[in-house]
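Text of the file my_file06.tsv, holding TSV, C-alpha atoms:
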chain	number	residue	atom	x	y	z
F	1	MET	CA	43.13	8.30	-49.65
F	2	SER	CA	45.73	6.08	-51.29
F	3	LYS	CA	45.46	3.67	-54.18
F	4	THR	CA	47.61	0.59	-54.80
F	5	MET	CA	47.66	-2.58	-56.89
F	6	LYS	CA	47.49	-5.87	-55.02
F	7	GLY	CA	49.23	-9.17	-55.63
F	8	GLY	CA	48.86	-12.64	-54.08
F	9	ALA	CA	47.61	-13.74	-50.65
F	10	GLY	CA	49.24	-15.82	-47.93
F	11	THR	CA	47.99	-18.65	-45.69
F	12	ILE	CA	48.33	-19.57	-41.99
F	13	LEU	CA	48.06	-22.60	-39.74
F	14	ALA	CA	46.16	-21.05	-36.87
F	15	THR	CA	45.28	-24.40	-35.30
F	16	ALA	CA	48.94	-25.33	-34.92
F	17	LEU	CA	49.71	-21.98	-33.30
F	18	LEU	CA	46.98	-22.53	-30.74
F	19	LEU	CA	48.19	-26.03	-29.91
F	20	LEU	CA	51.78	-24.84	-29.51
F	21	SER	CA	50.64	-22.07	-27.18
F	22	GLY	CA	48.68	-24.56	-25.08
F	23	VAL	CA	45.35	-22.88	-25.76
F	24	ALA	CA	42.56	-25.21	-26.82
F	25	PRO	CA	40.21	-23.61	-29.35
F	26	ALA	CA	36.65	-23.23	-28.10
F	27	GLN	CA	33.67	-24.31	-30.14
F	28	VAL	CA	32.66	-21.24	-32.14
F	29	ASN	CA	29.65	-20.73	-34.38
F	30	SER	CA	31.43	-19.54	-37.49
F	31	THR	CA	28.48	-19.28	-39.89
F	32	ILE	CA	28.14	-15.71	-41.12
F	33	SER	CA	24.86	-13.80	-40.92
F	34	ASP	CA	23.95	-10.77	-43.00
F	35	TYR	CA	22.23	-9.05	-40.10
F	36	ASP	CA	24.57	-9.63	-37.15
F	37	PRO	CA	27.00	-6.82	-36.28
F	38	GLY	CA	30.57	-7.66	-37.18
F	39	SER	CA	34.20	-6.63	-36.93
F	40	ILE	CA	34.28	-6.52	-40.74
F	41	LEU	CA	31.58	-5.44	-43.18
F	42	ILE	CA	31.68	-6.60	-46.81
F	43	PHE	CA	29.58	-4.80	-49.40
F	44	PRO	CA	29.46	-6.91	-52.61
F	45	VAL	CA	29.02	-3.88	-54.87
F	46	PHE	CA	29.59	-0.16	-55.04
F	47	THR	CA	29.51	2.18	-57.99
F	48	SER	CA	31.07	5.62	-58.33
F	49	ASP	CA	30.26	7.04	-61.75
F	50	PHE	CA	28.50	10.38	-61.35
F	51	THR	CA	29.42	11.35	-64.90
F	52	ASN	CA	27.08	8.65	-66.17
F	53	GLY	CA	24.54	9.14	-63.41
F	54	TYR	CA	25.41	6.50	-60.82
F	55	ALA	CA	26.75	6.67	-57.26
F	56	SER	CA	26.58	4.87	-53.92
F	57	LEU	CA	25.74	6.03	-50.42
F	58	VAL	CA	27.56	3.92	-47.82
F	59	SER	CA	26.60	4.14	-44.14
F	60	VAL	CA	28.46	2.45	-41.27
F	61	SER	CA	27.45	2.72	-37.61
F	62	ASN	CA	29.20	1.86	-34.35
F	63	THR	CA	26.64	0.20	-32.06
F	64	ASN	CA	29.08	0.11	-29.12
F	65	GLY	CA	27.85	2.76	-26.68
F	66	ASP	CA	30.58	2.31	-24.05
F	67	ARG	CA	31.66	5.86	-23.10
F	68	ARG	CA	33.83	4.84	-20.16
F	69	VAL	CA	37.29	6.38	-20.25
F	70	ALA	CA	40.10	3.89	-20.94
F	71	ILE	CA	42.80	6.50	-20.40
F	72	PRO	CA	42.33	10.30	-20.61
F	73	GLY	CA	41.02	11.20	-24.05
F	74	LEU	CA	40.22	7.60	-25.07
F	75	LEU	CA	36.77	6.04	-24.81
F	76	ARG	CA	36.33	2.26	-24.64
F	77	GLY	CA	33.74	2.32	-27.42
F	78	ASP	CA	35.93	4.17	-29.95
F	79	VAL	CA	36.84	2.35	-33.18
F	80	GLN	CA	38.83	3.18	-36.29
F	81	LEU	CA	37.19	2.19	-39.57
F	82	HIS	CA	39.45	1.19	-42.45
F	83	TYR	CA	37.74	1.37	-45.85
F	84	PHE	CA	39.12	-0.76	-48.70
F	85	TRP	CA	37.52	0.15	-52.06
F	86	ILE	CA	38.50	-2.62	-54.49
F	87	ASP	CA	38.07	-2.04	-58.21
F	88	GLY	CA	36.37	-5.10	-59.70
F	89	SER	CA	38.35	-4.96	-62.95
F	90	ASP	CA	41.92	-5.18	-61.68
F	91	TRP	CA	41.92	-5.48	-57.84
F	92	SER	CA	43.39	-1.98	-57.54
F	93	LEU	CA	42.79	-0.55	-54.10
F	94	THR	CA	41.79	2.81	-52.63
F	95	ASN	CA	41.73	3.06	-48.85
F	96	ASP	CA	41.11	5.55	-46.05
F	97	GLN	CA	40.54	5.54	-42.29
F	98	VAL	CA	38.27	7.39	-39.86
F	99	VAL	CA	37.49	7.11	-36.13
F	100	LEU	CA	33.93	6.61	-34.89
F	101	THR	CA	33.07	7.41	-31.29
F	102	PRO	CA	30.49	5.33	-29.34
F	103	ASN	CA	27.09	5.20	-31.11
F	104	ASP	CA	28.50	7.26	-33.99
F	105	THR	CA	27.64	6.80	-37.67
F	106	ARG	CA	29.27	7.85	-40.96
F	107	SER	CA	27.76	8.12	-44.42
F	108	ILE	CA	29.78	8.56	-47.63
F	109	LEU	CA	28.64	9.47	-51.12
F	110	THR	CA	31.19	7.58	-53.22
F	111	ASP	CA	31.51	10.17	-55.96
F	112	PHE	CA	33.35	12.44	-53.56
F	113	GLN	CA	35.78	9.67	-52.58
F	114	LEU	CA	36.64	7.78	-55.75
F	115	ASP	CA	37.30	8.06	-59.44
F	116	SER	CA	34.83	6.51	-61.88
F	117	GLU	CA	34.86	2.80	-61.01
F	118	GLU	CA	32.87	-0.04	-59.49
F	119	GLY	CA	33.68	-3.08	-57.43
F	120	PHE	CA	33.29	-4.14	-53.80
F	121	LEU	CA	33.97	-2.54	-50.42
F	122	ILE	CA	35.44	-3.97	-47.22
F	123	VAL	CA	35.29	-2.04	-43.93
F	124	THR	CA	37.36	-3.34	-41.00
F	125	ALA	CA	37.46	-2.42	-37.30
F	126	GLU	CA	40.85	-1.24	-36.05
F	127	ASP	CA	42.33	0.04	-32.82
F	128	PRO	CA	42.55	3.85	-33.14
F	129	GLU	CA	46.00	3.94	-31.51
F	130	THR	CA	47.83	1.16	-33.37
F	131	SER	CA	45.67	0.67	-36.51
F	132	GLU	CA	45.73	-3.07	-35.78
F	133	PRO	CA	42.57	-5.10	-36.54
F	134	ILE	CA	40.49	-5.86	-33.46
F	135	ASP	CA	37.60	-8.09	-32.40
F	136	PHE	CA	34.90	-5.43	-32.37
F	137	ASP	CA	31.56	-7.01	-33.30
F	138	PHE	CA	29.60	-3.77	-33.24
F	139	LEU	CA	29.65	-2.58	-36.88
F	140	ILE	CA	26.50	-2.46	-38.98
F	141	GLY	CA	25.91	-0.77	-42.31
F	142	ASP	CA	24.20	-0.63	-45.67
F	143	ILE	CA	24.79	0.69	-49.15
F	144	VAL	CA	22.31	2.44	-51.43
F	145	LEU	CA	23.00	2.25	-55.18
F	146	ILE	CA	21.72	5.49	-56.68
F	147	ASP	CA	20.64	6.53	-60.15
F	148	VAL	CA	20.96	10.30	-59.70
F	149	ALA	CA	18.02	10.85	-62.08
F	150	GLY	CA	15.88	9.33	-59.33
F	151	ASN	CA	14.45	6.49	-61.41
F	152	ARG	CA	16.31	3.47	-60.03
F	153	THR	CA	17.57	2.90	-56.51
F	154	TRP	CA	18.21	-0.22	-54.46
F	155	CYS	CA	19.83	-1.05	-51.14
F	156	THR	CA	21.57	-4.00	-49.52
F	157	PRO	CA	23.11	-4.43	-46.04
F	158	GLY	CA	26.78	-5.06	-45.49
F	159	ILE	CA	27.68	-8.67	-44.70
F	160	GLY	CA	28.76	-8.62	-41.05
F	161	ILE	CA	31.69	-10.96	-40.32
F	162	GLN	CA	32.54	-11.40	-36.67
F	163	GLY	CA	35.92	-11.60	-35.03
F	164	LEU	CA	36.31	-14.82	-33.01
F	165	VAL	CA	39.10	-14.09	-30.55
F	166	ASP	CA	36.80	-13.14	-27.68
F	167	GLU	CA	34.71	-16.28	-28.18
F	168	ARG	CA	37.82	-18.51	-28.15
F	169	LEU	CA	40.11	-16.91	-25.60
F	170	GLY	CA	37.98	-14.60	-23.45
F	171	VAL	CA	39.95	-12.72	-20.80
F	172	GLY	CA	43.17	-14.44	-21.89
F	173	ALA	CA	43.38	-12.55	-25.18
F	174	VAL	CA	45.97	-9.85	-25.87
F	175	ARG	CA	44.04	-6.57	-25.90
F	176	SER	CA	44.30	-2.92	-26.85
F	177	THR	CA	44.28	-0.05	-24.37
F	178	ARG	CA	40.53	0.19	-24.90
F	179	GLY	CA	40.11	-3.52	-24.03
F	180	HIS	CA	39.48	-5.04	-27.49
F	181	ALA	CA	41.26	-8.23	-28.54
F	182	PHE	CA	43.72	-8.03	-31.44
F	183	THR	CA	42.50	-10.49	-34.06
F	184	ASP	CA	45.84	-10.91	-35.84
F	185	ALA	CA	48.15	-11.26	-32.83
F	186	VAL	CA	50.14	-14.50	-32.80
F	187	ALA	CA	49.34	-14.93	-29.11
F	188	ASN	CA	45.64	-14.82	-30.04
F	189	GLY	CA	45.94	-17.45	-32.78
F	190	GLY	CA	46.60	-15.06	-35.65
F	191	ASP	CA	49.61	-15.03	-37.92
F	192	GLY	CA	50.81	-11.54	-37.01
F	193	GLY	CA	50.81	-10.60	-40.69
F	194	THR	CA	49.04	-7.94	-42.70
F	195	ASP	CA	46.27	-10.08	-44.18
F	196	TYR	CA	42.75	-10.85	-42.97
F	197	ASP	CA	42.21	-14.57	-42.36
F	198	PHE	CA	38.61	-15.80	-42.48
F	199	ASN	CA	39.49	-19.18	-41.04
F	200	GLY	CA	37.35	-19.70	-37.93
F	201	PHE	CA	40.17	-18.43	-35.68
F	202	GLU	CA	40.58	-14.78	-36.58
F	203	TYR	CA	37.24	-14.25	-38.36
F	204	GLN	CA	34.26	-16.28	-39.55
F	205	ARG	CA	34.66	-18.26	-42.75
F	206	TRP	CA	33.23	-17.32	-46.14
F	207	PRO	CA	31.00	-19.87	-47.93
F	208	SER	CA	31.83	-21.77	-51.14
F	209	ILE	CA	28.17	-22.38	-52.01
F	210	LEU	CA	25.54	-19.66	-52.43
F	211	TYR	CA	21.82	-19.76	-53.14
F	212	LEU	CA	19.81	-17.45	-55.35
F	213	SER	CA	16.43	-17.71	-53.62
F	214	SER	CA	14.39	-16.62	-56.65
F	215	PHE	CA	14.70	-15.08	-60.08
F	216	PHE	CA	12.20	-13.46	-62.40
F	217	ARG	CA	11.83	-14.52	-66.00
F	218	GLN	CA	14.38	-12.49	-67.94
F	219	ALA	CA	12.23	-11.19	-70.77
F	220	GLY	CA	10.68	-7.92	-71.87
F	221	THR	CA	11.41	-5.32	-69.24
F	222	ASN	CA	12.62	-7.84	-66.64
F	223	GLU	CA	16.38	-7.61	-66.18
F	224	GLY	CA	18.41	-9.17	-63.39
F	225	GLU	CA	22.08	-8.93	-62.49
F	226	LEU	CA	24.19	-11.29	-60.43
F	227	ILE	CA	27.10	-9.83	-58.45
F	228	LEU	CA	29.86	-12.15	-57.20
F	229	LEU	CA	33.23	-11.62	-55.54
F	230	GLY	CA	36.01	-13.93	-54.41
F	231	ASP	CA	38.84	-13.62	-51.91
F	232	LEU	CA	41.45	-14.21	-54.62
F	233	ASN	CA	43.06	-11.39	-56.55
F	234	ALA	CA	42.96	-10.64	-60.26
F	235	ASP	CA	45.52	-13.39	-61.06
F	236	TRP	CA	42.93	-16.10	-60.40
F	237	ARG	CA	40.00	-17.38	-62.44
F	238	ILE	CA	37.12	-18.78	-60.37
F	239	ASP	CA	35.06	-21.54	-62.03
F	240	LEU	CA	31.43	-21.93	-60.96
F	241	LEU	CA	28.66	-24.48	-61.48
F	242	PHE	CA	25.11	-23.09	-61.55
F	243	ILE	CA	22.12	-25.37	-61.05
F	244	PHE	CA	18.84	-23.61	-61.91
F	245	TYR	CA	15.48	-25.04	-60.83
F	246	ASP	CA	12.33	-23.80	-62.53
F	247	ARG	CA	8.67	-24.35	-61.61
F	248	ASP	CA	8.86	-27.88	-63.04
F	249	GLU	CA	11.61	-28.64	-60.49
F	250	GLY	CA	13.96	-29.86	-63.18
F	251	PRO	CA	17.67	-29.01	-62.75
F	252	ASN	CA	19.45	-27.08	-65.50
F	253	SER	CA	23.20	-26.76	-65.03
F	254	ARG	CA	25.46	-24.05	-66.45
F	255	THR	CA	29.11	-23.21	-65.96
F	256	TYR	CA	30.51	-19.72	-65.58
F	257	SER	CA	33.92	-18.25	-64.75
F	258	PHE	CA	35.01	-14.87	-63.48
F	259	THR	CA	38.10	-13.11	-62.13
F	260	CYS	CA	38.08	-11.15	-58.88
F	261	TRP	CA	34.58	-9.63	-59.17
F	262	THR	CA	31.73	-9.74	-61.65
F	263	ARG	CA	28.42	-8.01	-62.32
F	264	GLN	CA	26.66	-10.10	-64.97
F	265	LEU	CA	23.14	-10.31	-66.47
F	266	LEU	CA	21.38	-13.51	-65.45
F	267	SER	CA	20.25	-14.02	-69.04
F	268	SER	CA	23.87	-14.20	-70.20
F	269	ILE	CA	24.64	-16.94	-67.66
F	270	ALA	CA	21.72	-19.26	-68.43
F	271	ALA	CA	19.02	-19.29	-71.11
F	272	ILE	CA	16.68	-21.03	-68.64
F	273	THR	CA	16.17	-17.63	-67.02
F	274	THR	CA	14.62	-16.29	-70.24
F	275	SER	CA	12.37	-19.26	-71.05
F	276	ALA	CA	11.01	-20.12	-67.60
F	277	VAL	CA	7.33	-19.36	-67.10
F	278	MET	CA	5.61	-17.51	-64.27
F	279	ASP	CA	7.21	-15.08	-61.81
F	280	PRO	CA	9.18	-15.72	-59.72
F	281	ALA	CA	10.40	-18.34	-62.17
F	282	GLY	CA	12.70	-20.43	-59.96
F	283	TRP	CA	15.84	-20.51	-57.85
F	284	ALA	CA	19.50	-21.49	-58.24
F	285	ARG	CA	22.43	-23.02	-56.41
F	286	ILE	CA	25.92	-21.64	-57.09
F	287	ASP	CA	28.88	-23.94	-56.36
F	288	THR	CA	32.52	-22.95	-56.66
F	289	GLN	CA	34.42	-25.72	-58.45
F	290	GLN	CA	37.98	-24.46	-58.49
F	291	ALA	CA	40.19	-21.41	-58.82
F	292	VAL	CA	43.00	-21.52	-61.38
F	293	ASN	CA	46.03	-19.25	-61.61
F	294	PRO	CA	46.99	-19.40	-65.31
F	295	ILE	CA	50.35	-17.76	-64.58
F	296	THR	CA	51.61	-20.27	-62.01
F	297	GLY	CA	49.36	-23.23	-62.80
F	298	GLN	CA	48.14	-23.39	-59.19
F	299	VAL	CA	44.68	-24.81	-58.53
F	300	GLN	CA	42.56	-24.25	-55.42
F	301	LEU	CA	39.45	-26.38	-54.93
F	302	SER	CA	36.20	-24.91	-53.64
F	303	PRO	CA	37.31	-21.28	-53.37
F	304	ASN	CA	35.26	-18.76	-51.41
F	305	ILE	CA	32.60	-16.39	-52.76
F	306	LEU	CA	30.03	-13.85	-51.62
F	307	GLY	CA	27.42	-12.07	-53.67
F	308	ALA	CA	24.15	-10.25	-54.28
F	309	VAL	CA	21.44	-10.04	-56.92
F	310	VAL	CA	19.45	-7.11	-58.29
F	311	GLN	CA	16.21	-7.43	-60.23
F	312	ARG	CA	14.78	-4.50	-62.15
F	313	VAL	CA	11.95	-3.69	-64.51
F	314	VAL	CA	13.64	-1.46	-67.07
F	315	GLY	CA	12.09	1.95	-67.59
F	316	GLN	CA	9.70	1.70	-64.63
F	317	THR	CA	10.28	4.02	-61.70
F	318	GLY	CA	10.78	2.24	-58.39
F	319	LEU	CA	10.60	-1.32	-59.71
F	320	GLU	CA	14.09	-2.31	-58.70
F	321	PHE	CA	15.21	-4.35	-55.72
F	322	GLY	CA	18.28	-6.22	-54.56
F	323	HIS	CA	19.37	-8.56	-51.81
F	324	LEU	CA	22.35	-10.61	-50.71
F	325	LEU	CA	22.68	-14.21	-51.85
F	326	HIS	CA	22.02	-16.82	-49.18
F	327	HIS	CA	25.00	-18.53	-47.54
F	328	SER	CA	25.45	-22.28	-47.38
F	329	GLY	CA	27.48	-22.38	-44.17
F	330	LEU	CA	31.10	-23.26	-43.47
F	331	ASN	CA	33.84	-23.76	-46.00
F	332	SER	CA	36.83	-26.02	-45.30
F	333	THR	CA	39.11	-23.66	-47.26
F	334	HIS	CA	39.58	-20.41	-45.39
F	335	ALA	CA	39.49	-17.10	-47.22
F	336	VAL	CA	42.52	-14.82	-47.10
F	337	LEU	CA	42.50	-11.16	-48.06
F	338	ASP	CA	45.86	-9.42	-48.36
F	339	LEU	CA	44.86	-5.76	-48.64
F	340	PHE	CA	48.16	-4.01	-47.88

Starting from the file, give its structure as C-alpha cells.
Amino acid sequence: MSKTMKGGAGTILATALLLLSGVAPAQVNSTISDYDPGSILIFPVFTSDFTNGYASLVSVSNTNGDRRVAIPGLLRGDVQLHYFWIDGSDWSLTNDQVVLTPNDTRSILTDFQLDSEEGFLIVTAEDPETSEPIDFDFLIGDIVLIDVAGNRTWCTPGIGIQGLVDERLGVGAVRSTRGHAFTDAVANGGDGGTDYDFNGFEYQRWPSILYLSSFFRQAGTNEGELILLGDLNADWRIDLLFIFYDRDEGPNSRTYSFTCWTRQLLSSIAAITTSAVMDPAGWARIDTQQAVNPITGQVQLSPNILGAVVQRVVGQTGLEFGHLLHHSGLNSTHAVLDLF
C-alpha cells in the first residue's frame, strides 16, 4: 500500500467533447441510489484505531458472474478493485489494488491495512490489465464499524455510483479486452486524465442537498453523530445551511462549516436537537451554500456532499444504528476527485 498527500482537482467539458466527436449524449438517469450496484463505491466513514478499541470491516463483492474466457487466462467478469483510504483530517491517501474474479468477494479488517486514522473510503472498478477505470456496474459492499469490546457496532452500505458510458454509447464505446467500456477515455466522453468526474458523462453526479430523515432528542444517553464528506480537498472550506424541523413543524436554521470530512455530534451543530420533545424528534435538510479556498480566494457555489448519521444510546449494548443520508437528486456542479 502507498500513501500520498493530495492537492487540487481539475474540471472537464464532457459535453463539448461529445459534440465534437459527433456523438449525441443519450438521456441517462443520473440520480444515485444507495442500493444499486455501481462502478464506484463510496463509504462515508471508516475507522482504524485498534489501540483505542475501534476498527472497520469492509466487504466488497463482484456480482458479475460472467466466466466466459476473453482471451486465455482472462475471464470477462474479472475486475480490479482500487481502494482509496482518505484520512479525514488532511486528505492524505493510502491505496491498494486487488483483482476479484466473477462472483468473488473480499473483506478487510482495517487495522491490518492502515495506521490509526479515520476518514472515508472510495473503491473503484478498474481493468485488471491496464488499471484504467471502467464502466462495471456490478460492485456492492458494506462497512461494519466495530467496537472490539463488543458493545457498539453499526453498519452502512457503500453508496453505489454507476458508470454511464454504456448507457450513452452502447456498442460504440472504446472497451477493454474483457469488453468493459473505459469511463475516462476521451473517445467515450471522458477527459483522459487521472481524476474521477461525477458529471453525468463518466459517472453519476453527487448531490448538493441531503436529508436527515429523523433524529432523536440529544439528551441523557442519546448521542448522535453526523458524518459528511465533500469532493474538494483539504484546501477548501465547505459552508452548510441546516434547517431542522421538530414535531411542531417549525424551521430552525443553523450554519456549519467543515473541511474535507467531518464527524460531528448533532448537539454541537444545533441546540434544537437537545430541546426537541418526543423521539424521533424531527428531521433536517442540509444545503451546501458555497466552498471557499482561503489560499486562492476561489469560491464554488453549491459544492457536492455525501454523508451518514449514527445514533447511539451511550452505555447500552446494541442500541446503536446508522444509515446513509438521503439524496436530493442531481447537482448542476459536477464532483471531481483527483486521487492520484

Next item on the list: With a distance cut-off of 12 Å and all atoms listed in the file, select the neighbouring residues of Phe215 (chain F), excluding the residue or stretch itself and same-chain residues fewer than 3 positions from it, and output the selection as a PyMOL selection string.
Entry: chain F and resi 211-212+218-219+222-226+244-247+265-267+270+272-285+309-312+321-323+325

Requested write-out: C-alpha atoms of the selected residues, as a PDB file, in the frame of the given file:
ATOM      1  CA  TYR F 211      21.820 -19.760 -53.140  1.00  0.00           C
ATOM      2  CA  LEU F 212      19.810 -17.450 -55.350  1.00  0.00           C
ATOM      3  CA  GLN F 218      14.380 -12.490 -67.940  1.00  0.00           C
ATOM      4  CA  ALA F 219      12.230 -11.190 -70.770  1.00  0.00           C
ATOM      5  CA  ASN F 222      12.620  -7.840 -66.640  1.00  0.00           C
ATOM      6  CA  GLU F 223      16.380  -7.610 -66.180  1.00  0.00           C
ATOM      7  CA  GLY F 224      18.410  -9.170 -63.390  1.00  0.00           C
ATOM      8  CA  GLU F 225      22.080  -8.930 -62.490  1.00  0.00           C
ATOM      9  CA  LEU F 226      24.190 -11.290 -60.430  1.00  0.00           C
ATOM     10  CA  PHE F 244      18.840 -23.610 -61.910  1.00  0.00           C
ATOM     11  CA  TYR F 245      15.480 -25.040 -60.830  1.00  0.00           C
ATOM     12  CA  ASP F 246      12.330 -23.800 -62.530  1.00  0.00           C
ATOM     13  CA  ARG F 247       8.670 -24.350 -61.610  1.00  0.00           C
ATOM     14  CA  LEU F 265      23.140 -10.310 -66.470  1.00  0.00           C
ATOM     15  CA  LEU F 266      21.380 -13.510 -65.450  1.00  0.00           C
ATOM     16  CA  SER F 267      20.250 -14.020 -69.040  1.00  0.00           C
ATOM     17  CA  ALA F 270      21.720 -19.260 -68.430  1.00  0.00           C
ATOM     18  CA  ILE F 272      16.680 -21.030 -68.640  1.00  0.00           C
ATOM     19  CA  THR F 273      16.170 -17.630 -67.020  1.00  0.00           C
ATOM     20  CA  THR F 274      14.620 -16.290 -70.240  1.00  0.00           C
ATOM     21  CA  SER F 275      12.370 -19.260 -71.050  1.00  0.00           C
ATOM     22  CA  ALA F 276      11.010 -20.120 -67.600  1.00  0.00           C
ATOM     23  CA  VAL F 277       7.330 -19.360 -67.100  1.00  0.00           C
ATOM     24  CA  MET F 278       5.610 -17.510 -64.270  1.00  0.00           C
ATOM     25  CA  ASP F 279       7.210 -15.080 -61.810  1.00  0.00           C
ATOM     26  CA  PRO F 280       9.180 -15.720 -59.720  1.00  0.00           C
ATOM     27  CA  ALA F 281      10.400 -18.340 -62.170  1.00  0.00           C
ATOM     28  CA  GLY F 282      12.700 -20.430 -59.960  1.00  0.00           C
ATOM     29  CA  TRP F 283      15.840 -20.510 -57.850  1.00  0.00           C
ATOM     30  CA  ALA F 284      19.500 -21.490 -58.240  1.00  0.00           C
ATOM     31  CA  ARG F 285      22.430 -23.020 -56.410  1.00  0.00           C
ATOM     32  CA  VAL F 309      21.440 -10.040 -56.920  1.00  0.00           C
ATOM     33  CA  VAL F 310      19.450  -7.110 -58.290  1.00  0.00           C
ATOM     34  CA  GLN F 311      16.210  -7.430 -60.230  1.00  0.00           C
ATOM     35  CA  ARG F 312      14.780  -4.500 -62.150  1.00  0.00           C
ATOM     36  CA  PHE F 321      15.210  -4.350 -55.720  1.00  0.00           C
ATOM     37  CA  GLY F 322      18.280  -6.220 -54.560  1.00  0.00           C
ATOM     38  CA  HIS F 323      19.370  -8.560 -51.810  1.00  0.00           C
ATOM     39  CA  LEU F 325      22.680 -14.210 -51.850  1.00  0.00           C
TER      40      LEU F 325
END

Checklist line | Gap from CA of Thr259 (chain F) to CA of Ala234 (chain F) - Å, one decimal | finding: 5.8 Å

Check: So which one's closest to Leu241 (chain F), F:Phe198, F:Thr288, F:Leu139, F:Phe216? Using all atoms listed in the file, please.
Finding: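 The closest residue to Leu241 (chain F) is F:Thr288.
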
Notebook entry, point to check: So which residues are close to (34.8, -18.8, -45.2), meaning at most 7 Å away in the file's coordinates with only C-alpha atoms counted, and can you show them as a PyMOL selection string?
Noted result: chain F and resi 198-199+204-207+304+330-331+333-335

Since we have the selection now, will you write its residues out, keeping C-alpha atoms, as a compact mmCIF listing (two decimals), in the frame of the given file?
# COMPACT_ATOMS: atom_id res chain seq x y z
CA PHE F 198 38.61 -15.80 -42.48
CA ASN F 199 39.49 -19.18 -41.04
CA GLN F 204 34.26 -16.28 -39.55
CA ARG F 205 34.66 -18.26 -42.75
CA TRP F 206 33.23 -17.32 -46.14
CA PRO F 207 31.00 -19.87 -47.93
CA ASN F 304 35.26 -18.76 -51.41
CA LEU F 330 31.10 -23.26 -43.47
CA ASN F 331 33.84 -23.76 -46.00
CA THR F 333 39.11 -23.66 -47.26
CA HIS F 334 39.58 -20.41 -45.39
CA ALA F 335 39.49 -17.10 -47.22

Margin query: as a PyMOL selection string, please: the residues near Ile227 (chain F) (cut-off 6 Å, all atoms listed in the file, same-chain neighbours under 6 positions excluded).
Written below: chain F and resi 262-263+307-309

Next item on the list: Write out as a list in words each polymer residue whose atoms come within 8 Å of Leu81 (chain F), counting only C-alpha atoms; drop sequence neighbours fewer than 2 positions from it.
Entry: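 Returned residues: Val79, Tyr83, Gln97, Val98, Val99, Leu100, Val123, Thr124, Ala125 and Glu126 of chain F.
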
Check: What is the distance, in Å and to one decimal place, between CA of Pro294 (chain F) and CA of Leu210 (chain F)?
Finding: 25.0 Å

Check: Near Gly158 (chain F), counting all atoms listed in the file, which residues have an atom at most 6 Å away, once you skip same-chain residues fewer than 5 positions from it, shown as a list in words?
Finding: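 Counting only the stated atoms, we get Leu41, Ile42, Phe43, Gly141 and Asp142 of chain F.
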
Next item on the list: Counting all atoms listed in the file, write as JSON, numbers by chain all protein and nucleic acid residues lying at most 8 Å from (26.0, 1.7, -56.0) in the file's frame.
Entry: {"F": [45, 46, 47, 48, 54, 55, 56, 57, 118, 143, 144, 145, 146]}

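With all atoms listed in the file as the atoms that count, the residue of F:Leu109, F:Val313, F:Leu301, F:Leu232 with the shortest distance to Arg217 (chain F) is F:Val313.
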
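The two atoms in question, CA of Ser89 (chain F) and CA of Thr296 (chain F), are spaced 20.3 Å apart.
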
Check: Given the choices F:Ser107, F:Thr156, F:Gln290, F:Ser59, which gets closest to Pro44 (chain F) if the distance is worked out from only C-alpha atoms?
Finding: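 The closest residue to Pro44 (chain F) is F:Thr156.
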
Checklist line | Pick from F:Ser328, F:Asn62, F:Thr94, F:Thr130 nearest to Arg178 (chain F), counting all atoms listed in the file | finding: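 Closest candidate: F:Thr130.
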
Margin query: List the spatial neighbours of Gln300 (chain F) as a list in words - criterion: any atom at most 10 Å away, all atoms listed in the file, same-chain residues fewer than 5 positions off excluded.
Written below: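 Result of the neighbour search: Trp236, Ile238, Gln289, Gln290, Ala291, Val292, Asn293 and Thr333 of chain F.
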
Next item on the list: Rank nothing, just name the residue among F:Ser39, F:Asn52, F:Asn95, F:Asn252 nearest to Asp147 (chain F), using only C-alpha atoms.
Entry: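 Using only C-alpha atoms, the shortest distance to Asp147 (chain F) belongs to F:Asn52.
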
Can region 89-99 of chain F be brought up to N, CA and C atoms and written out as a PDB file, in the frame of the given file?
ATOM      1  N   SER F  89      37.705  -4.596 -61.687  1.00  0.00           N
ATOM      2  CA  SER F  89      38.350  -4.960 -62.950  1.00  0.00           C
ATOM      3  C   SER F  89      39.794  -5.397 -62.787  1.00  0.00           C
ATOM      4  N   ASP F  90      40.481  -4.879 -61.769  1.00  0.00           N
ATOM      5  CA  ASP F  90      41.920  -5.180 -61.680  1.00  0.00           C
ATOM      6  C   ASP F  90      42.441  -5.328 -60.250  1.00  0.00           C
ATOM      7  N   TRP F  91      41.535  -5.333 -59.243  1.00  0.00           N
ATOM      8  CA  TRP F  91      41.920  -5.480 -57.840  1.00  0.00           C
ATOM      9  C   TRP F  91      42.759  -4.294 -57.352  1.00  0.00           C
ATOM     10  N   SER F  92      42.732  -3.178 -58.057  1.00  0.00           N
ATOM     11  CA  SER F  92      43.390  -1.980 -57.540  1.00  0.00           C
ATOM     12  C   SER F  92      42.617  -1.481 -56.328  1.00  0.00           C
ATOM     13  N   LEU F  93      43.318  -0.800 -55.437  1.00  0.00           N
ATOM     14  CA  LEU F  93      42.790  -0.550 -54.100  1.00  0.00           C
ATOM     15  C   LEU F  93      42.899   0.920 -53.738  1.00  0.00           C
ATOM     16  N   THR F  94      41.804   1.481 -53.241  1.00  0.00           N
ATOM     17  CA  THR F  94      41.790   2.810 -52.630  1.00  0.00           C
ATOM     18  C   THR F  94      41.375   2.629 -51.184  1.00  0.00           C
ATOM     19  N   ASN F  95      42.088   3.274 -50.249  1.00  0.00           N
ATOM     20  CA  ASN F  95      41.730   3.060 -48.850  1.00  0.00           C
ATOM     21  C   ASN F  95      41.826   4.350 -48.046  1.00  0.00           C
ATOM     22  N   ASP F  96      41.033   4.442 -46.992  1.00  0.00           N
ATOM     23  CA  ASP F  96      41.110   5.550 -46.050  1.00  0.00           C
ATOM     24  C   ASP F  96      40.629   5.074 -44.694  1.00  0.00           C
ATOM     25  N   GLN F  97      40.869   5.900 -43.659  1.00  0.00           N
ATOM     26  CA  GLN F  97      40.540   5.540 -42.290  1.00  0.00           C
ATOM     27  C   GLN F  97      39.855   6.705 -41.594  1.00  0.00           C
ATOM     28  N   VAL F  98      38.966   6.378 -40.646  1.00  0.00           N
ATOM     29  CA  VAL F  98      38.270   7.390 -39.860  1.00  0.00           C
ATOM     30  C   VAL F  98      37.890   6.776 -38.517  1.00  0.00           C
ATOM     31  N   VAL F  99      37.847   7.592 -37.473  1.00  0.00           N
ATOM     32  CA  VAL F  99      37.490   7.110 -36.130  1.00  0.00           C
ATOM     33  C   VAL F  99      36.029   7.436 -35.851  1.00  0.00           C
TER      34      VAL F  99
END
